[in-house]
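The file data-v8.tsv contains TSV, C-alpha atoms and all ligand atoms:
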```tsv
chain	number	residue	atom	x	y	z
A	1351	MET	CA	10.87	9.76	-3.65
A	1352	ARG	CA	10.79	7.22	-6.45
A	1353	THR	CA	10.76	3.54	-5.53
A	1354	GLY	CA	10.87	1.33	-8.61
A	1355	ALA	CA	7.57	-0.21	-7.58
A	1356	SER	CA	7.04	-1.09	-11.20
A	1357	THR	CA	8.96	-0.36	-14.36
A	1358	GLY	CA	9.47	3.39	-13.81
A	1359	GLN	CA	8.94	5.09	-17.16
A	1360	PRO	CA	9.67	8.62	-18.46
A	1361	GLY	CA	6.60	10.85	-18.52
A	1362	ASN	CA	3.96	10.23	-15.90
A	1363	ASN	CA	5.79	8.56	-13.06
A	1364	LEU	CA	2.96	7.05	-11.05
A	1365	GLU	CA	4.15	3.63	-9.93
A	1366	VAL	CA	2.06	0.54	-9.34
A	1367	THR	CA	2.22	-2.16	-6.70
A	1368	PRO	CA	-0.01	-5.23	-6.77
A	1369	SER	CA	-2.33	-6.27	-3.97
A	1370	ILE	CA	-2.55	-10.05	-4.19
A	1371	LEU	CA	-6.05	-10.26	-2.67
A	1372	THR	CA	-7.69	-11.30	-5.94
A	1373	ALA	CA	-4.99	-13.88	-6.75
A	1374	ASP	CA	-5.66	-17.63	-6.61
A	1375	PHE	CA	-3.76	-18.45	-3.41
A	1376	CYS	CA	-3.15	-21.99	-4.67
A	1377	GLU	CA	-1.23	-20.41	-7.58
A	1378	LEU	CA	0.31	-17.53	-5.65
A	1379	GLY	CA	3.93	-18.47	-6.40
A	1380	LYS	CA	3.26	-18.31	-10.12
A	1381	THR	CA	1.45	-14.97	-9.70
A	1382	LEU	CA	4.44	-13.53	-7.84
A	1383	ASP	CA	6.81	-14.83	-10.53
A	1384	GLU	CA	4.58	-13.30	-13.24
A	1385	ALA	CA	4.52	-9.93	-11.47
A	1386	SER	CA	8.30	-9.95	-11.01
A	1387	ALA	CA	8.77	-10.83	-14.68
A	1388	ALA	CA	6.56	-7.84	-15.56
A	1389	GLY	CA	9.04	-5.58	-13.76
A	1390	ILE	CA	7.17	-5.21	-10.48
A	1391	ASN	CA	9.36	-5.06	-7.39
A	1392	TRP	CA	7.02	-3.74	-4.65
A	1393	PHE	CA	4.32	-6.05	-3.27
A	1394	HIS	CA	1.37	-4.95	-1.11
A	1395	MET	CA	0.15	-7.59	1.34
A	1396	ASP	CA	-3.33	-7.06	2.77
A	1397	VAL	CA	-3.45	-8.58	6.26
A	1398	MET	CA	-6.92	-8.88	7.79
A	1399	ASP	CA	-7.69	-10.56	11.13
A	1400	GLY	CA	-11.37	-11.38	10.64
A	1401	ASN	CA	-12.34	-8.69	13.07
A	1402	TRP	CA	-11.16	-5.18	12.27
A	1403	VAL	CA	-12.56	-4.73	8.76
A	1404	VAL	CA	-16.33	-4.21	8.46
A	1405	ASN	CA	-16.96	-7.43	6.54
A	1406	LYS	CA	-14.91	-9.46	9.08
A	1407	THR	CA	-12.65	-11.03	6.45
A	1408	ILE	CA	-9.56	-13.08	7.31
A	1409	THR	CA	-6.81	-13.08	4.68
A	1410	PHE	CA	-3.38	-14.26	5.88
A	1411	GLY	CA	-0.72	-13.76	8.55
A	1412	PRO	CA	3.07	-13.81	8.93
A	1413	ALA	CA	3.42	-17.36	7.58
A	1414	LEU	CA	2.37	-16.24	4.12
A	1415	ILE	CA	4.67	-13.21	4.30
A	1416	ARG	CA	7.53	-15.61	4.98
A	1417	SER	CA	6.63	-17.73	1.94
A	1418	VAL	CA	6.27	-14.64	-0.26
A	1419	ARG	CA	9.68	-13.34	0.87
A	1420	ASP	CA	11.27	-16.75	0.21
A	1421	ARG	CA	9.71	-16.83	-3.28
A	1422	LEU	CA	10.60	-13.26	-4.22
A	1423	GLY	CA	14.09	-13.21	-2.71
A	1424	PRO	CA	15.82	-10.38	-0.84
A	1425	GLU	CA	15.59	-7.70	-3.54
A	1426	ALA	CA	11.80	-7.35	-3.57
A	1427	PHE	CA	10.08	-4.72	-1.40
A	1428	ILE	CA	7.18	-6.03	0.68
A	1429	ASP	CA	4.76	-3.84	2.61
A	1430	CYS	CA	2.15	-5.23	5.00
A	1431	HIS	CA	-1.12	-3.30	5.17
A	1432	LEU	CA	-2.31	-4.29	8.66
A	1433	MET	CA	-6.09	-4.24	8.89
A	1434	ILE	CA	-6.01	-5.83	12.32
A	1435	ASN	CA	-6.94	-4.99	15.91
A	1436	ASN	CA	-3.61	-5.50	17.62
A	1437	ALA	CA	-1.12	-3.95	15.20
A	1438	GLU	CA	0.85	-2.42	18.11
A	1439	GLU	CA	1.45	-5.89	19.56
A	1440	SER	CA	1.84	-7.98	16.43
A	1441	TRP	CA	3.62	-5.80	13.81
A	1442	GLN	CA	7.04	-7.31	14.67
A	1443	GLN	CA	5.92	-10.77	13.43
A	1444	TYR	CA	5.51	-9.32	9.93
A	1445	VAL	CA	8.93	-7.68	9.96
A	1446	ASP	CA	10.47	-10.92	11.26
A	1447	ALA	CA	8.68	-12.78	8.45
A	1448	GLY	CA	10.31	-10.55	5.84
A	1449	ALA	CA	8.24	-7.35	5.49
A	1450	ASP	CA	10.23	-4.21	4.67
A	1451	MET	CA	7.40	-1.87	5.69
A	1452	VAL	CA	4.50	-1.99	8.12
A	1453	ILE	CA	1.49	0.19	7.24
A	1454	ALA	CA	-0.92	0.48	10.18
A	1455	HIS	CA	-4.32	2.15	10.41
A	1456	ILE	CA	-4.53	5.41	12.34
A	1457	GLU	CA	-7.99	4.26	13.47
A	1458	ALA	CA	-6.60	1.07	15.05
A	1459	VAL	CA	-3.50	2.32	16.91
A	1460	ASP	CA	-3.42	4.13	20.28
A	1461	ASP	CA	0.13	5.50	20.24
A	1462	PHE	CA	1.22	5.98	16.62
A	1463	PRO	CA	4.40	7.98	17.33
A	1464	LYS	CA	5.62	5.12	19.54
A	1465	LEU	CA	4.69	2.55	16.87
A	1466	ILE	CA	6.74	4.45	14.27
A	1467	GLN	CA	9.70	4.56	16.66
A	1468	ASP	CA	9.43	0.84	17.42
A	1469	ILE	CA	9.21	-0.09	13.74
A	1470	HIS	CA	12.22	2.10	12.92
A	1471	SER	CA	14.18	0.57	15.82
A	1472	ALA	CA	13.55	-2.83	14.25
A	1473	GLY	CA	15.09	-1.55	11.01
A	1474	ALA	CA	11.84	-1.48	9.05
A	1475	GLN	CA	9.89	1.36	7.42
A	1476	ALA	CA	6.68	2.77	8.90
A	1477	GLY	CA	3.53	3.82	7.06
A	1478	CYS	CA	0.20	5.20	8.24
A	1479	VAL	CA	-3.05	4.44	6.45
A	1480	MET	CA	-6.49	6.00	6.94
A	1481	ASN	CA	-10.00	5.05	5.88
A	1482	PRO	CA	-11.80	7.15	3.27
A	1483	ASP	CA	-13.80	9.02	5.93
A	1484	THR	CA	-10.87	9.66	8.29
A	1485	PRO	CA	-9.68	13.28	8.07
A	1486	ALA	CA	-6.11	14.06	7.02
A	1487	GLU	CA	-5.70	16.12	10.18
A	1488	LEU	CA	-5.36	12.94	12.24
A	1489	VAL	CA	-2.27	11.88	10.26
A	1490	MET	CA	-0.61	15.22	9.45
A	1491	PRO	CA	1.26	15.48	12.82
A	1492	LEU	CA	2.98	12.14	12.04
A	1493	LEU	CA	4.37	13.28	8.68
A	1494	PRO	CA	7.87	14.26	9.92
A	1495	ASN	CA	8.62	10.64	10.90
A	1496	LEU	CA	6.63	8.57	8.40
A	1497	ASP	CA	8.09	6.74	5.42
A	1498	LEU	CA	4.69	6.45	3.72
A	1499	VAL	CA	1.14	7.81	3.90
A	1500	LEU	CA	-1.61	5.61	2.46
A	1501	VAL	CA	-5.00	7.08	1.55
A	1502	MET	CA	-7.73	4.43	1.19
A	1503	SER	CA	-10.04	5.02	-1.76
A	1504	VAL	CA	-12.29	2.11	-0.77
A	1505	VAL	CA	-13.56	0.94	2.61
A	1506	PRO	CA	-11.01	-1.71	3.67
A	1507	GLY	CA	-12.13	-5.32	3.49
A	1508	LYS	CA	-11.86	-6.70	-0.03
A	1509	GLY	CA	-10.60	-6.21	-3.55
A	1510	GLY	CA	-12.71	-5.29	-6.57
A	1511	GLN	CA	-14.62	-2.39	-4.99
A	1512	SER	CA	-15.48	0.91	-6.69
A	1513	PHE	CA	-13.09	3.85	-6.45
A	1514	MET	CA	-14.14	6.69	-4.12
A	1515	PRO	CA	-13.11	9.98	-5.83
A	1516	GLY	CA	-14.13	11.95	-2.74
A	1517	VAL	CA	-10.63	11.45	-1.30
A	1518	GLU	CA	-9.16	13.93	-3.81
A	1519	GLY	CA	-8.97	16.81	-1.34
A	1520	LYS	CA	-7.23	14.64	1.24
A	1521	VAL	CA	-4.65	13.42	-1.28
A	1522	ARG	CA	-3.92	16.94	-2.47
A	1523	SER	CA	-3.50	18.19	1.11
A	1524	PHE	CA	-0.95	15.43	1.82
A	1525	ARG	CA	0.86	16.19	-1.45
A	1526	ALA	CA	1.21	19.85	-0.46
A	1527	ALA	CA	2.27	19.01	3.10
A	1528	ILE	CA	4.88	16.44	1.98
A	1529	ASP	CA	6.32	18.79	-0.67
A	1530	SER	CA	6.63	21.62	1.83
A	1531	GLN	CA	8.19	19.31	4.42
A	1532	GLU	CA	10.73	18.12	1.83
A	1533	GLU	CA	11.49	21.69	0.77
A	1534	SER	CA	12.40	22.53	4.36
A	1535	GLY	CA	14.77	19.57	4.53
A	1536	GLY	CA	12.41	17.09	6.17
A	1537	LYS	CA	11.53	13.53	5.21
A	1538	SER	CA	9.63	12.91	2.01
A	1539	PRO	CA	7.15	10.13	2.78
A	1540	ILE	CA	5.76	8.23	-0.21
A	1541	LEU	CA	2.12	9.09	-0.94
A	1542	MET	CA	0.15	5.95	-1.80
A	1543	ILE	CA	-3.50	5.28	-2.69
A	1544	ASP	CA	-5.28	1.96	-2.37
A	1545	GLY	CA	-8.59	0.75	-3.69
A	1546	GLY	CA	-10.41	0.75	-7.02
A	1547	ILE	CA	-7.43	1.95	-9.10
A	1548	LYS	CA	-7.63	0.91	-12.77
A	1549	ASP	CA	-6.34	2.17	-16.11
A	1550	HIS	CA	-9.27	4.64	-16.36
A	1551	ASN	CA	-8.42	6.56	-13.16
A	1552	ALA	CA	-4.65	6.07	-12.77
A	1553	ALA	CA	-3.82	9.35	-14.53
A	1554	THR	CA	-6.33	11.17	-12.31
A	1555	VAL	CA	-4.73	10.05	-9.04
A	1556	SER	CA	-1.30	10.73	-10.50
A	1557	GLU	CA	-2.37	14.30	-11.22
A	1558	TRP	CA	-3.56	14.59	-7.60
A	1559	GLY	CA	0.05	13.86	-6.55
A	1560	ILE	CA	0.05	10.14	-5.77
A	1561	ASP	CA	3.46	8.40	-6.01
A	1562	ILE	CA	2.33	4.76	-5.88
A	1563	ALA	CA	-1.05	3.19	-6.53
A	1564	VAL	CA	-1.99	-0.19	-5.10
A	1565	VAL	CA	-3.79	-2.16	-7.79
A	1566	GLY	CA	-5.42	-5.51	-7.05
A	1567	SER	CA	-8.20	-6.60	-9.40
A	1568	GLY	CA	-6.96	-4.17	-12.04
A	1569	LEU	CA	-3.70	-6.14	-12.32
A	1570	ILE	CA	-4.59	-9.69	-11.25
A	1571	ASN	CA	-7.66	-10.81	-13.18
A	1572	ASP	CA	-8.74	-13.19	-15.91
A	1573	LYS	CA	-8.98	-10.42	-18.53
A	1574	GLY	CA	-5.25	-10.34	-19.18
A	1575	THR	CA	-1.79	-11.17	-17.89
A	1576	ILE	CA	-0.21	-8.95	-15.25
A	1577	ALA	CA	2.14	-7.59	-17.91
A	1578	GLN	CA	-0.78	-6.73	-20.21
A	1579	ASN	CA	-2.79	-5.14	-17.39
A	1580	LEU	CA	0.26	-3.19	-16.21
A	1581	GLN	CA	0.90	-1.99	-19.75
A	1582	SER	CA	-2.67	-0.71	-20.11
A	1583	ILE	CA	-2.18	1.30	-16.91
A	1584	HIS	CA	1.14	2.70	-18.12
A	1585	SER	CA	-0.39	3.48	-21.54
A	1586	ALA	CA	-3.23	5.32	-19.78
A	1587	LEU	CA	-0.50	7.30	-18.00
A	1588	GLY	CA	1.03	8.21	-21.33
A	1589	ASN	CA	4.12	6.07	-20.79
B	1601	LIG	C1	-8.73	-3.48	0.48
B	1601	LIG	C2	-7.21	-3.60	0.28
B	1601	LIG	C3	-6.79	-3.15	-1.09
B	1601	LIG	C4	-7.49	-3.92	-2.21
B	1601	LIG	C5	-7.16	-3.31	-3.56
B	1601	LIG	O1	-9.04	-3.71	1.84
B	1601	LIG	O2	-6.52	-2.83	1.22
B	1601	LIG	O3	-5.36	-3.27	-1.19
B	1601	LIG	O4	-7.07	-5.25	-2.18
B	1601	LIG	O5	-7.84	-4.09	-4.53
B	1601	LIG	P1	-8.55	-3.36	-5.79
B	1601	LIG	O6	-7.44	-2.70	-6.55
B	1601	LIG	O7	-9.19	-4.50	-6.54
B	1601	LIG	O8	-9.52	-2.37	-5.21
B	1602	ZN	ZN	-4.34	-2.64	0.92
```

What would you get if you wrote out this structure as structure tokens?
Amino acid sequence: MRTGASTGQPGNNLEVTPSILTADFCELGKTLDEASAAGINWFHMDVMDGNWVVNKTITFGPALIRSVRDRLGPEAFIDCHLMINNAEESWQQYVDAGADMVIAHIEAVDDFPKLIQDIHSAGAQAGCVMNPDTPAELVMPLLPNLDLVLVMSVVPGKGGQSFMPGVEGKVRSFRAAIDSQEESGGKSPILMIDGGIKDHNAATVSEWGIDIAVVGSGLINDKGTIAQNLQSIHSALGN
């Protein structure tokens, strides 16, 4: 399933969505405008509650999602990556604030099938994300009803960490499972990776079968504009 997360190009069709964690939050509106102008339409919002992630970081809540939706307008696609303890109770606030998709951690949810149902009943899309050391087997049974599977290639908690190539086998097993599910007429969840993706490894994860890569510090940094950084990723992909 192709999404238009960034300027889809012929050739290698890995798409890119920015995580705004490394942005200057006092300049966030300008960063969002810059990303939109660079052709990006999918935005990845990393919600942390100061408790669930190992380094106990707090990032932002529904109020920022509301502001981001108001700035981007109705056409943009916003996912919320919930790194929080009470996702089953609080996910609706993010949908009400303007999120199109809720991506919750398999490690933090008791009844994932019910969560997917609830999110779908609210008219939003449901994703499941797992930590680097969480086996694919925990998520595979959810595939028939998911809109997205997110494989973490860093330990959740902050941007700018090093990529963990050990998740290759997990990504490839999801790619095979999703393709076979689609071939038998089932849903085709998007396969996403998140953490440490840069121009030097984008082609690698694309070859593994990733549809969309979340890129934070590789896109939003003081080395170049978002457009320049996006271009270097697309050039590395041969686009
Ligand atoms: C980490 C977040 C990621 C991170 C990606 O907890 O889920 O989305 O911000 O940032 P980079 O691309 O810099 O690793
Ligand atoms: Zn994330």

Original post:
So which one's closest to His1431 in chain A, A:Leu1382, A:Ala1527, A:Ile1540, A:Val1564? Using only C-alpha atoms, please.
Top reply: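 Ranked by minimum distance to His1431 in chain A, first place goes to A:Val1564.
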
Subject >> Between atom C3 of ligand LIG 1601 (chain B) and CA of Asp1374 in chain A - distance in Å to one decimal >> reply: 15.5 Å

Using only C-alpha atoms and all ligand atoms, which residues have at least one atom no more than 9 Å from ligand ZN 1602 (chain B)? Output them as an mmCIF file with C-alpha atoms, keeping the file's coordinate frame.
```cif
data_model
loop_
_atom_site.group_PDB
_atom_site.id
_atom_site.type_symbol
_atom_site.label_atom_id
_atom_site.label_comp_id
_atom_site.auth_asym_id
_atom_site.auth_seq_id
_atom_site.Cartn_x
_atom_site.Cartn_y
_atom_site.Cartn_z
ATOM 1 C CA SER A 1369 -2.330 -6.270 -3.970
ATOM 2 C CA LEU A 1371 -6.050 -10.260 -2.670
ATOM 3 C CA HIS A 1394 1.370 -4.950 -1.110
ATOM 4 C CA MET A 1395 0.150 -7.590 1.340
ATOM 5 C CA ASP A 1396 -3.330 -7.060 2.770
ATOM 6 C CA VAL A 1397 -3.450 -8.580 6.260
ATOM 7 C CA CYS A 1430 2.150 -5.230 5.000
ATOM 8 C CA HIS A 1431 -1.120 -3.300 5.170
ATOM 9 C CA LEU A 1432 -2.310 -4.290 8.660
ATOM 10 C CA MET A 1433 -6.090 -4.240 8.890
ATOM 11 C CA LEU A 1500 -1.610 5.610 2.460
ATOM 12 C CA MET A 1502 -7.730 4.430 1.190
ATOM 13 C CA PRO A 1506 -11.010 -1.710 3.670
ATOM 14 C CA GLY A 1507 -12.130 -5.320 3.490
ATOM 15 C CA LYS A 1508 -11.860 -6.700 -0.030
ATOM 16 C CA GLY A 1509 -10.600 -6.210 -3.550
ATOM 17 C CA ILE A 1543 -3.500 5.280 -2.690
ATOM 18 C CA ASP A 1544 -5.280 1.960 -2.370
ATOM 19 C CA GLY A 1545 -8.590 0.750 -3.690
ATOM 20 C CA VAL A 1564 -1.990 -0.190 -5.100
ATOM 21 C CA VAL A 1565 -3.790 -2.160 -7.790
ATOM 22 C CA GLY A 1566 -5.420 -5.510 -7.050
#
```

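Computed from the coordinates, the CA of Thr1381 in chain A to CA of Pro1368 in chain A distance equals 10.3 Å.
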
Subject >> Gap from CA of Leu1587 in chain A to CA of Ile1390 in chain A - Å, one decimal >> reply: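 Result for CA of Leu1587 in chain A versus CA of Ile1390 in chain A: 16.5 Å, one decimal.
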
Subject >> Nearby residues (only C-alpha atoms) at most 10 Å from range 1439-1444 of chain A, same-chain spacing under 2 positions excluded, as a PyMOL selection string >> reply: chain A and resi 1397+1411-1416+1428-1430+1432+1434-1437+1446-1454+1459+1465+1468-1469+1472+1474

Would you place a box with edges along x, y and z of the file around all atoms of ligand LIG 1601 (chain B) listed there, add 6 Å to each of its six sides, and report the centre and edge lengths in Å to one decimal, as JSON?
```
{"center_x": -7.4, "center_y": -3.8, "center_z": -2.4, "size_x": 16.2, "size_y": 14.9, "size_z": 20.4}
```

Original post:
Which polymer residues have any atom within 9 Å of an atom of range 1516-1524 of chain A, counting all atoms listed in the file, with same-chain residues fewer than 2 positions away left out, as number ranges by chain?
Top reply: A: 1482-1483, 1485-1486, 1490, 1493, 1499, 1501-1503, 1513-1514, 1526-1529, 1541-1543, 1555, 1558-1560

Original post:
From the set A:Gly1473, A:Glu1533, A:Gly1568, A:Thr1554, which residue has the shortest atom-to-atom contact distance to Ser1512 in chain A, counting all atoms listed in the file?
Top reply: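 Closest candidate: A:Gly1568.
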